[in-house]
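Below is the file work20.txt, which contains compact mmCIF, C-alpha atoms.
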# COMPACT_ATOMS: atom_id res chain seq x y z
CA MET A 1 20.08 23.81 -34.52
CA ALA A 2 20.19 22.32 -31.03
CA GLY A 3 22.14 19.25 -32.18
CA SER A 4 22.64 16.76 -29.35
CA ASP A 5 23.26 19.33 -26.63
CA PRO A 6 20.34 19.00 -24.15
CA HIS A 7 20.87 22.54 -22.87
CA LYS A 8 20.39 23.92 -26.40
CA MET A 9 17.40 21.61 -26.90
CA ILE A 10 15.69 23.09 -23.86
CA ALA A 11 16.46 26.64 -24.99
CA GLN A 12 15.11 25.94 -28.48
CA ALA A 13 11.98 24.25 -27.10
CA ASP A 14 11.34 27.15 -24.71
CA ASN A 15 11.64 29.53 -27.65
CA LEU A 16 9.13 27.48 -29.67
CA THR A 17 6.55 27.79 -26.88
CA THR A 18 7.07 31.49 -26.16
CA LEU A 19 4.71 33.83 -27.95
CA SER A 20 6.07 37.06 -29.41
CA SER A 21 5.38 39.62 -32.06
CA THR A 22 6.78 37.19 -34.61
CA ARG A 23 5.37 33.97 -33.09
CA TRP A 24 1.65 34.01 -32.54
CA THR A 25 1.17 30.31 -31.81
CA ALA A 26 3.28 27.86 -29.83
CA ASP A 27 4.79 24.89 -31.65
CA TRP A 28 4.12 22.30 -28.93
CA SER A 29 4.76 19.34 -31.21
CA SER A 30 8.35 20.30 -32.02
CA ALA A 31 9.00 21.63 -28.52
CA THR A 32 7.74 18.49 -26.79
CA SER A 33 9.98 16.29 -28.90
CA LEU A 34 12.96 18.43 -27.89
CA TYR A 35 11.98 18.33 -24.21
CA GLU A 36 11.75 14.53 -24.37
CA GLN A 37 15.15 14.16 -25.99
CA ALA A 38 16.73 16.56 -23.51
CA ALA A 39 15.16 14.80 -20.53
CA ASN A 40 16.57 11.46 -21.65
CA ARG A 41 20.02 12.88 -22.29
CA PHE A 42 20.11 14.60 -18.90
CA ARG A 43 18.98 11.35 -17.25
CA VAL A 44 21.73 9.33 -18.92
CA ALA A 45 24.24 11.97 -17.79
CA LYS A 46 22.80 11.62 -14.25
CA ASP A 47 21.86 15.28 -14.22
CA TYR A 48 18.63 14.41 -12.44
CA GLU A 49 17.58 17.95 -11.60
CA ARG A 50 17.59 19.11 -15.21
CA SER A 51 16.12 15.80 -16.36
CA LYS A 52 13.26 16.22 -13.89
CA ALA A 53 12.53 19.73 -15.14
CA ALA A 54 12.64 18.56 -18.76
CA TYR A 55 10.24 15.68 -18.07
CA GLU A 56 7.86 18.16 -16.44
CA LYS A 57 7.94 20.31 -19.56
CA ALA A 58 7.54 17.26 -21.80
CA SER A 59 4.51 16.24 -19.76
CA LYS A 60 2.96 19.69 -20.16
CA GLY A 61 3.69 19.49 -23.88
CA GLN A 62 1.85 16.19 -24.23
CA GLU A 63 -1.08 17.68 -22.33
CA MET A 64 -1.14 20.58 -24.79
CA LEU A 65 -1.14 18.01 -27.58
CA ALA A 66 -4.14 16.27 -25.98
CA SER A 67 -2.17 13.13 -25.10
CA PRO A 68 -2.74 12.50 -21.36
CA TRP A 69 -1.23 8.99 -21.57
CA ASP A 70 2.16 10.29 -22.72
CA ALA A 71 1.87 13.19 -20.29
CA ALA A 72 1.35 10.70 -17.46
CA LYS A 73 4.37 8.63 -18.52
CA HIS A 74 6.58 11.72 -18.47
CA MET A 75 5.22 12.72 -15.06
CA GLU A 76 6.14 9.28 -13.73
CA SER A 77 9.64 9.80 -15.11
CA ALA A 78 9.79 13.15 -13.31
CA ALA A 79 8.79 11.31 -10.11
CA ASN A 80 11.66 8.88 -10.67
CA MET A 81 14.08 11.77 -11.02
CA ALA A 82 12.70 13.36 -7.85
CA LYS A 83 13.29 10.06 -6.10
CA GLU A 84 16.93 10.08 -7.23
CA LEU A 85 17.20 13.60 -5.83
CA ARG A 86 15.47 12.51 -2.60
CA ASN A 87 12.93 15.25 -3.12
CA TRP A 88 10.12 13.31 -1.49
CA ARG A 89 7.44 15.98 -1.67
CA GLU A 90 7.85 16.11 -5.42
CA VAL A 91 7.67 12.31 -5.57
CA VAL A 92 4.23 12.64 -3.99
CA SER A 93 3.01 15.47 -6.22
CA PHE A 94 4.34 13.95 -9.45
CA SER A 95 2.92 10.52 -8.62
CA ARG A 96 -0.48 12.02 -7.91
CA ARG A 97 -0.42 14.08 -11.09
CA ALA A 98 0.55 11.03 -13.15
CA SER A 99 -2.36 9.15 -11.59
CA GLU A 100 -4.77 11.97 -12.46
CA LEU A 101 -3.60 11.95 -16.07
CA TYR A 102 -4.08 8.19 -16.36
CA ILE A 103 -7.60 8.59 -14.97
CA GLU A 104 -8.19 11.32 -17.55
CA CYS A 105 -7.53 8.83 -20.34
CA GLY A 106 -9.63 6.11 -18.68
CA ARG A 107 -6.83 3.87 -17.39
CA PRO A 108 -7.44 3.09 -13.70
CA GLN A 109 -4.84 0.30 -13.43
CA PRO A 110 -1.81 2.45 -14.35
CA ALA A 111 -3.36 5.28 -12.31
CA SER A 112 -3.29 3.03 -9.26
CA ASP A 113 0.18 1.75 -10.14
CA ALA A 114 1.55 5.31 -10.27
CA LEU A 115 0.40 5.92 -6.70
CA ALA A 116 1.73 2.56 -5.54
CA LYS A 117 5.17 3.28 -7.02
CA GLY A 118 5.25 6.57 -5.16
CA ALA A 119 4.15 4.83 -1.97
CA ARG A 120 6.93 2.25 -2.18
CA ALA A 121 9.50 5.03 -2.58
CA LEU A 122 8.16 6.76 0.54
CA GLU A 123 7.69 3.83 2.94
CA GLU A 124 10.84 4.52 4.96
CA ILE A 125 10.98 8.31 4.62
CA MET A 126 7.32 9.39 4.76
CA PRO A 127 5.37 6.32 5.91
CA GLU A 128 2.14 8.18 6.64
CA GLU A 129 2.11 9.62 3.13
CA ALA A 130 2.92 6.17 1.75
CA ILE A 131 -0.13 4.72 3.49
CA GLN A 132 -2.33 7.45 2.05
CA LEU A 133 -1.01 6.76 -1.45
CA TYR A 134 -1.66 3.03 -1.01
CA THR A 135 -5.17 3.80 0.25
CA ASP A 136 -5.92 6.03 -2.72
CA ALA A 137 -4.51 3.41 -5.10
CA ILE A 138 -6.88 0.84 -3.56
CA THR A 139 -9.84 3.19 -3.92
CA ILE A 140 -9.18 3.72 -7.63
CA LEU A 141 -9.21 -0.01 -8.31
CA GLU A 142 -12.21 -0.80 -6.12
CA GLU A 143 -14.28 1.97 -7.70
CA ASP A 144 -13.46 0.46 -11.10
CA GLY A 145 -14.41 -3.06 -10.00
CA GLY A 146 -10.80 -4.29 -9.88
CA GLY A 147 -10.82 -5.46 -6.29
CA GLN A 148 -8.74 -8.53 -7.10
CA MET A 149 -5.83 -6.21 -7.92
CA THR A 150 -5.86 -4.55 -4.49
CA PHE A 151 -4.59 -7.43 -2.35
CA ASP A 152 -0.89 -6.55 -2.52
CA LEU A 153 -1.71 -2.90 -1.85
CA TYR A 154 -3.60 -3.83 1.31
CA ARG A 155 -0.68 -5.99 2.42
CA SER A 156 1.87 -3.26 1.75
CA ALA A 157 -0.15 -0.67 3.67
CA THR A 158 -0.57 -3.10 6.57
CA ALA A 159 3.19 -3.71 6.67
CA VAL A 160 3.81 0.05 6.93
CA TYR A 161 1.28 0.34 9.76
CA ILE A 162 3.09 -2.46 11.59
CA LYS A 163 6.45 -0.72 11.15
CA LEU A 164 4.84 2.35 12.70
CA GLU A 165 3.43 0.13 15.48
CA LYS A 166 -0.05 1.33 14.58
CA TYR A 167 -1.63 -2.04 15.23
CA SER A 168 -5.11 -0.59 15.80
CA ASP A 169 -5.02 0.51 12.15
CA ALA A 170 -3.30 -2.61 10.82
CA ALA A 171 -5.89 -5.13 12.03
CA PRO A 172 -8.95 -3.39 10.52
CA LEU A 173 -7.07 -3.04 7.23
CA GLN A 174 -6.61 -6.81 7.16
CA LEU A 175 -10.34 -7.22 7.74
CA LYS A 176 -10.96 -4.90 4.77
CA LEU A 177 -8.63 -7.09 2.73
CA GLY A 178 -10.69 -10.09 3.79
CA LEU A 179 -13.86 -8.37 2.59
CA ALA A 180 -12.27 -7.43 -0.73
CA ALA A 181 -11.09 -11.01 -1.19
CA SER A 182 -14.54 -12.40 -0.39
CA LYS A 183 -16.08 -10.24 -3.14
CA CYS A 184 -13.63 -11.82 -5.60
CA ASN A 185 -14.15 -15.37 -4.26
CA ALA A 186 -10.47 -15.43 -3.29
CA THR A 187 -11.07 -17.68 -0.30
CA ASN A 188 -7.42 -18.35 0.55
CA SER A 189 -6.54 -14.65 0.68
CA GLN A 190 -9.70 -13.96 2.65
CA CYS A 191 -8.91 -16.54 5.33
CA LYS A 192 -5.28 -15.46 5.59
CA ALA A 193 -6.41 -11.88 6.16
CA TYR A 194 -8.74 -12.89 9.00
CA LEU A 195 -6.05 -14.98 10.68
CA SER A 196 -3.64 -12.05 10.30
CA ALA A 197 -6.07 -9.69 12.03
CA ILE A 198 -6.40 -12.11 14.96
CA ILE A 199 -2.61 -12.38 15.23
CA ILE A 200 -2.27 -8.59 15.33
CA TYR A 201 -4.77 -8.36 18.19
CA LEU A 202 -2.93 -11.10 20.10
CA TYR A 203 0.37 -9.33 19.52
CA THR A 204 -1.07 -6.25 21.23
CA ASN A 205 -2.08 -8.55 24.09
CA ASP A 206 -5.76 -7.87 23.42
CA TYR A 207 -7.14 -11.38 23.83
CA LYS A 208 -10.72 -10.17 24.12
CA GLN A 209 -10.58 -8.32 20.80
CA ALA A 210 -8.86 -11.29 19.16
CA GLU A 211 -11.59 -13.60 20.40
CA MET A 212 -14.33 -11.22 19.20
CA CYS A 213 -12.65 -10.99 15.81
CA TYR A 214 -12.43 -14.79 15.62
CA ASN A 215 -16.09 -15.19 16.54
CA ASP A 216 -17.19 -12.63 13.95
CA CYS A 217 -15.07 -14.14 11.19
CA SER A 218 -16.26 -17.65 12.07
CA GLN A 219 -19.76 -16.60 11.01
CA ILE A 220 -18.38 -16.64 7.47
CA ASP A 221 -18.66 -20.12 6.00
CA ALA A 222 -15.42 -19.94 4.00
CA PHE A 223 -13.36 -19.09 7.08
CA CYS A 224 -15.21 -21.52 9.35
CA LYS A 225 -14.06 -24.47 7.22
CA SER A 226 -10.50 -23.30 6.67
CA ASP A 227 -7.09 -24.30 8.01
CA GLN A 228 -6.65 -20.68 9.10
CA ASN A 229 -9.74 -21.00 11.30
CA ARG A 230 -8.37 -24.12 12.98
CA CYS A 231 -5.05 -22.37 13.52
CA ALA A 232 -6.76 -19.35 15.09
CA SER A 233 -8.95 -21.60 17.27
CA ASN A 234 -5.94 -23.54 18.52
CA LEU A 235 -4.03 -20.33 19.16
CA LEU A 236 -6.85 -18.84 21.21
CA ALA A 237 -7.25 -22.11 23.14
CA ALA A 238 -3.53 -22.09 23.97
CA TYR A 239 -3.89 -18.53 25.25
CA SER A 240 -6.90 -19.52 27.31
CA ASP A 241 -4.91 -22.40 28.81
CA GLY A 242 -1.92 -20.16 29.45
CA ASP A 243 0.21 -22.64 27.48
CA ILE A 244 3.22 -20.67 26.27
CA GLU A 245 4.90 -23.65 24.61
CA GLU A 246 1.78 -24.47 22.63
CA ILE A 247 1.48 -20.85 21.50
CA LYS A 248 5.08 -20.96 20.25
CA ARG A 249 4.47 -24.31 18.54
CA ILE A 250 1.41 -23.02 16.69
CA ALA A 251 3.37 -19.92 15.62
CA GLN A 252 5.69 -22.29 13.72
CA SER A 253 2.82 -24.05 11.92
CA SER A 254 2.33 -24.02 8.15
CA SER A 255 -0.80 -21.85 8.44
CA ILE A 256 1.35 -19.12 10.00
CA SER A 257 4.34 -19.71 7.70
CA ASN A 258 2.14 -19.11 4.65
CA LEU A 259 1.17 -15.61 5.78
CA ASP A 260 2.92 -12.38 4.78
CA HIS A 261 6.37 -11.81 6.28
CA SER A 262 5.18 -9.01 8.56
CA MET A 263 2.55 -11.35 10.05
CA ILE A 264 5.00 -14.20 10.47
CA ARG A 265 7.34 -11.92 12.41
CA LEU A 266 4.53 -10.89 14.76
CA ALA A 267 3.34 -14.46 15.26
CA ARG A 268 6.84 -15.71 16.07
CA LYS A 269 7.05 -13.16 18.89
CA LEU A 270 3.89 -14.45 20.60
CA PRO A 271 3.02 -14.36 23.40
CA THR A 272 3.82 -10.75 24.25
CA GLY A 273 1.94 -10.58 27.55
CA ASP A 274 1.29 -12.57 30.71
CA VAL A 275 -0.88 -15.46 29.52
CA SER A 276 -0.89 -17.01 32.98
CA ALA A 277 -3.03 -14.10 34.15
CA LEU A 278 -5.40 -14.80 31.28
CA LYS A 279 -5.65 -18.42 32.37
CA GLY A 280 -6.58 -17.31 35.87
CA ASN A 281 -9.30 -15.00 34.57
CA THR A 282 -10.72 -17.74 32.37
CA ALA A 283 -10.77 -20.20 35.26
CA ARG A 284 -12.56 -17.73 37.53
CA GLN A 285 -15.22 -17.14 34.87
CA GLU A 286 -15.78 -20.88 34.54
CA ASP A 287 -16.06 -21.29 38.32
CA GLN A 288 -18.73 -18.61 38.71
CA PRO A 289 -22.10 -20.13 39.78
CA LEU A 290 -24.98 -19.97 37.33
CA ASP A 291 -27.32 -17.03 37.93
CA GLU A 292 -30.79 -18.45 37.31
CA ASN A 293 -32.19 -14.92 36.92
CA ASP A 294 -29.76 -14.10 34.12
CA LEU A 295 -31.30 -15.37 30.91
CA THR A 296 -28.84 -13.65 28.55

Would you mind giving the structure from this file in structure tokens?
Amino acid sequence: MAGSDPHKMIAQADNLTTLSSTRWTADWSSATSLYEQAANRFRVAKDYERSKAAYEKASKGQEMLASPWDAAKHMESAANMAKELRNWREVVSFSRRASELYIECGRPQPASDALAKGARALEEIMPEEAIQLYTDAITILEEDGGGQMTFDLYRSATAVYIKLEKYSDAAPLQLKLGLAASKCNATNSQCKAYLSAIIIYLYTNDYKQAEMCYNDCSQIDAFCKSDQNRCASNLLAAYSDGDIEEIKRIAQSSSISNLDHSMIRLARKLPTGDVSALKGNTARQEDQPLDENDLT
């Protein structure tokens, strides 16, 4: 008998799943129970490498027993052990496999959650992979009609893009969040997302793109009537006037303070460019004489 020794449990379980002249069928039920017990004992002993391997075998055992839910749970545990070992590639592969198993048993929410957990573990170490995991987690929920559950995933992915200074990716992702929120009638989240996109463009000193974004979003009735719209309008007007103090004052407003932390940090750093030059350009455009032949 294996007793309580996890090493002996693994050896006994391996023997139960190995075919021979005297064993024509594998006893996956008994073996899987032993793998599970061994994995837990190794984990408690902080032997994460052996625990990880045992959880992998337990997951395979549950698959052989036609139980993808339990197989997925064990694969998530293996991902946790890989995280403890700082084996980031295995965190990715185990998280993805867990997600696939949850999908197999028709559970999109935990499938998305498995990817999101992996993404959070990877944000600092493998940020690009984290973004991809967040994106795939969003896709699973949206394809299942669970768009209202994606908001935090969009925000997390945006925050990673900002850490990477990939602002040209961060702003469109906020606009996608706004669209997802509009489909769920989540007006507050929708308007916050649009204001956030405008702030990102201003942070990159792209006033023209910020203004275009504002004009496009203002075609949407919910945003047009919102506090976030008024905040964005005032912010753009301050830029147009070259009023640095007003820009800083607006950045301290409640509409900004109620955004996600990554957006607040960007807003509090505004302006990042020479707004006096912008004021000069605006004034020159206003002073240009009307061309009677230009009917556009």

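Our summary of the geometry notes that CA of Glu246 in chain A is positioned 24.7 Å from CA of Ile162 in chain A.
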
In Å, with one decimal, what is the gap from CA of Ala54 in chain A to CA of Glu36 in chain A?
7.0 Å

For Thr272 in chain A: contacts at 10 Å, all atoms listed in the file, fewer than 6 positions along chain excluded, given as a PyMOL selection string
chain A and resi 202-205+266

Quick one: residues within 12 Å of range 97-110 of chain A, only C-alpha atoms counted, chain neighbours fewer than 4 positions away excluded, as a PyMOL selection string?
chain A and resi 55-56+59-60+62-63+66-80+90-93+114-118+133+136-150

When distances are computed from only C-alpha atoms, which of A:Ser168, A:Asn15, A:Asn185, A:Gln219 shows the smallest separation from Tyr201 in chain A?
A:Ser168

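Among the candidates A:Asp216, A:Asp206, A:Asp5, A:Asp227, the residue lying nearest to Thr187 in chain A is A:Asp227 (atoms considered: only C-alpha atoms).
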
Please determine the residues with any atom at most 12 Å from (6.9, -22.0, 21.0) (coordinates as given in the file, with all atoms listed in the file counting) and report them as a PDB file with C-alpha atoms, keeping the file's coordinate frame.
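The new file point_5.pdb reads:
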ATOM      1  CA  LEU A 235      -4.030 -20.330  19.160  1.00  0.00           C
ATOM      2  CA  ALA A 238      -3.530 -22.090  23.970  1.00  0.00           C
ATOM      3  CA  ASP A 243       0.210 -22.640  27.480  1.00  0.00           C
ATOM      4  CA  ILE A 244       3.220 -20.670  26.270  1.00  0.00           C
ATOM      5  CA  GLU A 245       4.900 -23.650  24.610  1.00  0.00           C
ATOM      6  CA  GLU A 246       1.780 -24.470  22.630  1.00  0.00           C
ATOM      7  CA  ILE A 247       1.480 -20.850  21.500  1.00  0.00           C
ATOM      8  CA  LYS A 248       5.080 -20.960  20.250  1.00  0.00           C
ATOM      9  CA  ARG A 249       4.470 -24.310  18.540  1.00  0.00           C
ATOM     10  CA  ILE A 250       1.410 -23.020  16.690  1.00  0.00           C
ATOM     11  CA  ALA A 251       3.370 -19.920  15.620  1.00  0.00           C
ATOM     12  CA  GLN A 252       5.690 -22.290  13.720  1.00  0.00           C
ATOM     13  CA  SER A 253       2.820 -24.050  11.920  1.00  0.00           C
ATOM     14  CA  ALA A 267       3.340 -14.460  15.260  1.00  0.00           C
ATOM     15  CA  ARG A 268       6.840 -15.710  16.070  1.00  0.00           C
ATOM     16  CA  LYS A 269       7.050 -13.160  18.890  1.00  0.00           C
ATOM     17  CA  LEU A 270       3.890 -14.450  20.600  1.00  0.00           C
ATOM     18  CA  PRO A 271       3.020 -14.360  23.400  1.00  0.00           C
TER      19      PRO A 271
END

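We find CA of Ile131 in chain A and CA of Cys217 in chain A to be spaced 25.3 Å apart.
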
List the neighbours of Ala181 in chain A out to 12 Å using all atoms listed in the file; skip same-chain residues closer than 2 positions along the sequence, and give me the result as a PyMOL selection string.
chain A and resi 142+146-152+154+174-179+183-194+222-223

Compute the distance from (9.2, 1.1, -0.6) to each atom, counting only C-alpha atoms, keep the residues with any atom at most 12 Å away, and return them as a PyMOL selection string; use the coordinates of the file.
chain A and resi 83+115-127+129-131+133-134+153+156-157+159-160

Spatial neighbours of Ala39 in chain A, max dist 10 Å, all atoms listed in the file, sep filter under 2 positions, as a PyMOL selection string:
chain A and resi 6-7+9-10+33-37+41-45+47-58+74+77-78

Skipping near chain neighbours, those fewer than 5 positions away, what residues fall within 10 Å of Cys213 in chain A using only C-alpha atoms, listed as a PyMOL selection string?
chain A and resi 171-172+175+194-195+197-198+201+207-208+218
